[in-house]
Amino acid sequence: MEANEGCTGEREMKPDREGVPDLDWTIIKSLMDAQANTNTSLERYLLYVTHDDFDLDAEHVDRCLSQAIEHHERALEDLRTARELVASGHDD
């Protein structure tokens, strides 16, 4: 099994030439990554609203929301990949 660096800096499991990664682990990892992306978005915004050092003008809020959307899009990609593996019937 080959591991590559993902866009979030985490290692992604890629199928090697001999087969696909274990389906259960792929689903678990996808769900964990989705949850991590959701938590990152929430934690970042909580940091901004709970510390006086950050000035939350409309532009800053828009930037926070854009980052949250990007994190959730990555989470959706992870979940879709797991669903595609399930639909293709791969289960080593």
# chains A, B, ... in the order shown; residues from 1 in each chain; ligands from 1
call {"tool": "residues_around", "arguments": {"residues": "Thr40 (chain A)", "least_positions_apart": "6", "cutoff": "12 Å", "atoms": "only C-alpha atoms", "output": "PDB file with all heavy atoms, in the first residue's frame"}}
result
ATOM      1  N   THR A   8      -4.162  18.412   2.977  1.00  0.00           N
ATOM      2  CA  THR A   8      -4.227  18.909   4.343  1.00  0.00           C
ATOM      3  C   THR A   8      -2.956  18.588   5.113  1.00  0.00           C
ATOM      4  O   THR A   8      -2.870  18.867   6.286  1.00  0.00           O
ATOM      5  CB  THR A   8      -5.437  18.309   5.084  1.00  0.00           C
ATOM      6  OG1 THR A   8      -5.292  16.888   5.107  1.00  0.00           O
ATOM      7  CG2 THR A   8      -6.735  18.702   4.434  1.00  0.00           C
ATOM      8  N   ASP A  33     -11.663  11.923   8.805  1.00  0.00           N
ATOM      9  CA  ASP A  33     -11.211  13.133   8.111  1.00  0.00           C
ATOM     10  C   ASP A  33     -12.342  14.149   7.978  1.00  0.00           C
ATOM     11  O   ASP A  33     -12.122  15.353   8.147  1.00  0.00           O
ATOM     12  CB  ASP A  33     -10.650  12.792   6.733  1.00  0.00           C
ATOM     13  CG  ASP A  33      -9.309  12.085   6.798  1.00  0.00           C
ATOM     14  OD1 ASP A  33      -8.685  12.077   7.875  1.00  0.00           O
ATOM     15  OD2 ASP A  33      -8.891  11.534   5.758  1.00  0.00           O
ATOM     16  N   ALA A  34     -13.542  13.675   7.687  1.00  0.00           N
ATOM     17  CA  ALA A  34     -14.696  14.573   7.578  1.00  0.00           C
ATOM     18  C   ALA A  34     -14.947  15.270   8.917  1.00  0.00           C
ATOM     19  O   ALA A  34     -15.160  16.481   8.976  1.00  0.00           O
ATOM     20  CB  ALA A  34     -15.934  13.797   7.128  1.00  0.00           C
ATOM     21  N   LEU A  46     -14.449  29.683  16.726  1.00  0.00           N
ATOM     22  CA  LEU A  46     -14.525  29.905  18.179  1.00  0.00           C
ATOM     23  C   LEU A  46     -13.336  30.700  18.694  1.00  0.00           C
ATOM     24  O   LEU A  46     -13.481  31.557  19.561  1.00  0.00           O
ATOM     25  CB  LEU A  46     -14.616  28.565  18.916  1.00  0.00           C
ATOM     26  CG  LEU A  46     -15.985  27.914  18.945  1.00  0.00           C
ATOM     27  CD1 LEU A  46     -15.886  26.500  19.505  1.00  0.00           C
ATOM     28  CD2 LEU A  46     -16.954  28.739  19.760  1.00  0.00           C
ATOM     29  N   LEU A  47     -12.163  30.429  18.149  1.00  0.00           N
ATOM     30  CA  LEU A  47     -10.973  31.187  18.535  1.00  0.00           C
ATOM     31  C   LEU A  47     -11.178  32.672  18.238  1.00  0.00           C
ATOM     32  O   LEU A  47     -10.882  33.540  19.058  1.00  0.00           O
ATOM     33  CB  LEU A  47      -9.749  30.656  17.798  1.00  0.00           C
ATOM     34  CG  LEU A  47      -8.442  31.412  18.019  1.00  0.00           C
ATOM     35  CD1 LEU A  47      -7.962  31.231  19.458  1.00  0.00           C
ATOM     36  CD2 LEU A  47      -7.390  30.958  17.034  1.00  0.00           C
ATOM     37  N   CYS A  64     -13.555  33.391   7.090  1.00  0.00           N
ATOM     38  CA  CYS A  64     -13.765  32.220   7.948  1.00  0.00           C
ATOM     39  C   CYS A  64     -14.769  31.253   7.311  1.00  0.00           C
ATOM     40  O   CYS A  64     -14.555  30.033   7.310  1.00  0.00           O
ATOM     41  CB  CYS A  64     -14.294  32.644   9.320  1.00  0.00           C
ATOM     42  SG  CYS A  64     -13.094  33.457  10.363  1.00  0.00           S
ATOM     43  N   LEU A  65     -15.841  31.815   6.793  1.00  0.00           N
ATOM     44  CA  LEU A  65     -16.854  30.973   6.160  1.00  0.00           C
ATOM     45  C   LEU A  65     -16.315  30.304   4.898  1.00  0.00           C
ATOM     46  O   LEU A  65     -16.612  29.139   4.628  1.00  0.00           O
ATOM     47  CB  LEU A  65     -18.107  31.785   5.865  1.00  0.00           C
ATOM     48  CG  LEU A  65     -18.879  32.245   7.101  1.00  0.00           C
ATOM     49  CD1 LEU A  65     -19.992  33.205   6.705  1.00  0.00           C
ATOM     50  CD2 LEU A  65     -19.422  31.049   7.859  1.00  0.00           C
ATOM     51  N   GLN A  67     -13.200  29.450   4.365  1.00  0.00           N
ATOM     52  CA  GLN A  67     -12.325  28.366   4.828  1.00  0.00           C
ATOM     53  C   GLN A  67     -13.146  27.172   5.299  1.00  0.00           C
ATOM     54  O   GLN A  67     -12.795  26.019   5.031  1.00  0.00           O
ATOM     55  CB  GLN A  67     -11.412  28.865   5.947  1.00  0.00           C
ATOM     56  CG  GLN A  67     -10.350  29.827   5.474  1.00  0.00           C
ATOM     57  CD  GLN A  67      -9.581  30.440   6.632  1.00  0.00           C
ATOM     58  OE1 GLN A  67      -9.989  30.364   7.786  1.00  0.00           O
ATOM     59  NE2 GLN A  67      -8.466  31.074   6.317  1.00  0.00           N
ATOM     60  N   ALA A  68     -14.247  27.437   5.996  1.00  0.00           N
ATOM     61  CA  ALA A  68     -15.111  26.351   6.461  1.00  0.00           C
ATOM     62  C   ALA A  68     -15.699  25.597   5.270  1.00  0.00           C
ATOM     63  O   ALA A  68     -15.772  24.362   5.277  1.00  0.00           O
ATOM     64  CB  ALA A  68     -16.227  26.905   7.351  1.00  0.00           C
ATOM     65  N   ILE A  69     -16.108  26.313   4.248  1.00  0.00           N
ATOM     66  CA  ILE A  69     -16.647  25.674   3.045  1.00  0.00           C
ATOM     67  C   ILE A  69     -15.588  24.785   2.407  1.00  0.00           C
ATOM     68  O   ILE A  69     -15.868  23.643   2.024  1.00  0.00           O
ATOM     69  CB  ILE A  69     -17.181  26.735   2.063  1.00  0.00           C
ATOM     70  CG1 ILE A  69     -18.450  27.371   2.623  1.00  0.00           C
ATOM     71  CG2 ILE A  69     -17.434  26.125   0.678  1.00  0.00           C
ATOM     72  CD1 ILE A  69     -18.892  28.625   1.894  1.00  0.00           C
ATOM     73  N   GLU A  70     -14.352  25.285   2.309  1.00  0.00           N
ATOM     74  CA  GLU A  70     -13.264  24.485   1.735  1.00  0.00           C
ATOM     75  C   GLU A  70     -13.032  23.215   2.558  1.00  0.00           C
ATOM     76  O   GLU A  70     -12.849  22.126   1.994  1.00  0.00           O
ATOM     77  CB  GLU A  70     -11.975  25.298   1.673  1.00  0.00           C
ATOM     78  CG  GLU A  70     -11.985  26.374   0.623  1.00  0.00           C
ATOM     79  CD  GLU A  70     -10.732  27.233   0.660  1.00  0.00           C
ATOM     80  OE1 GLU A  70      -9.712  26.799   1.248  1.00  0.00           O
ATOM     81  OE2 GLU A  70     -10.775  28.342   0.099  1.00  0.00           O
ATOM     82  N   HIS A  71     -13.048  23.339   3.886  1.00  0.00           N
ATOM     83  CA  HIS A  71     -12.853  22.160   4.742  1.00  0.00           C
ATOM     84  C   HIS A  71     -13.986  21.159   4.545  1.00  0.00           C
ATOM     85  O   HIS A  71     -13.756  19.948   4.492  1.00  0.00           O
ATOM     86  CB  HIS A  71     -12.764  22.563   6.218  1.00  0.00           C
ATOM     87  CG  HIS A  71     -11.463  23.177   6.579  1.00  0.00           C
ATOM     88  ND1 HIS A  71     -11.364  24.375   7.229  1.00  0.00           N
ATOM     89  CD2 HIS A  71     -10.192  22.751   6.386  1.00  0.00           C
ATOM     90  CE1 HIS A  71     -10.089  24.672   7.416  1.00  0.00           C
ATOM     91  NE2 HIS A  71      -9.356  23.698   6.912  1.00  0.00           N
ATOM     92  N   HIS A  72     -15.198  21.644   4.425  1.00  0.00           N
ATOM     93  CA  HIS A  72     -16.325  20.743   4.246  1.00  0.00           C
ATOM     94  C   HIS A  72     -16.320  20.105   2.848  1.00  0.00           C
ATOM     95  O   HIS A  72     -16.734  18.957   2.684  1.00  0.00           O
ATOM     96  CB  HIS A  72     -17.640  21.467   4.525  1.00  0.00           C
ATOM     97  CG  HIS A  72     -17.890  21.629   5.994  1.00  0.00           C
ATOM     98  ND1 HIS A  72     -17.285  22.607   6.748  1.00  0.00           N
ATOM     99  CD2 HIS A  72     -18.647  20.911   6.847  1.00  0.00           C
ATOM    100  CE1 HIS A  72     -17.663  22.494   8.002  1.00  0.00           C
ATOM    101  NE2 HIS A  72     -18.493  21.462   8.091  1.00  0.00           N
ATOM    102  N   ARG A  74     -13.615  19.264   1.275  1.00  0.00           N
ATOM    103  CA  ARG A  74     -12.647  18.171   1.415  1.00  0.00           C
ATOM    104  C   ARG A  74     -13.284  16.983   2.122  1.00  0.00           C
ATOM    105  O   ARG A  74     -13.058  15.821   1.750  1.00  0.00           O
ATOM    106  CB  ARG A  74     -11.420  18.629   2.204  1.00  0.00           C
ATOM    107  CG  ARG A  74     -10.472  19.431   1.377  1.00  0.00           C
ATOM    108  CD  ARG A  74      -9.192  19.717   2.163  1.00  0.00           C
ATOM    109  NE  ARG A  74      -8.814  21.085   1.869  1.00  0.00           N
ATOM    110  CZ  ARG A  74      -8.401  21.967   2.730  1.00  0.00           C
ATOM    111  NH1 ARG A  74      -8.265  21.634   3.993  1.00  0.00           N
ATOM    112  NH2 ARG A  74      -8.083  23.182   2.373  1.00  0.00           N
ATOM    113  N   ALA A  75     -14.084  17.272   3.156  1.00  0.00           N
ATOM    114  CA  ALA A  75     -14.767  16.199   3.884  1.00  0.00           C
ATOM    115  C   ALA A  75     -15.719  15.450   2.953  1.00  0.00           C
ATOM    116  O   ALA A  75     -15.774  14.215   2.972  1.00  0.00           O
ATOM    117  CB  ALA A  75     -15.534  16.776   5.079  1.00  0.00           C
TER     118      ALA A  75
END
call {"tool": "atom_distance", "arguments": {"atom1": "CA of Asp57 (chain A)", "atom2": "CA of Glu73 (chain A)"}}
result
24.4 Å
call {"tool": "closest_residue", "arguments": {"among": "A:Tyr48, A:Leu56, A:Met32, A:Asp24", "to": "Arg83 (chain A)", "atoms": "only C-alpha atoms"}}
result
A:Asp24
call {"tool": "closest_residue", "arguments": {"among": "A:Glu84, A:Ser66, A:Gly89, A:Asp78", "to": "Ala36 (chain A)", "atoms": "only C-alpha atoms"}}
result
A:Asp78
call {"tool": "atom_distance", "arguments": {"atom1": "CA of Leu42 (chain A)", "atom2": "CA of Phe54 (chain A)"}}
result
15.5 Å
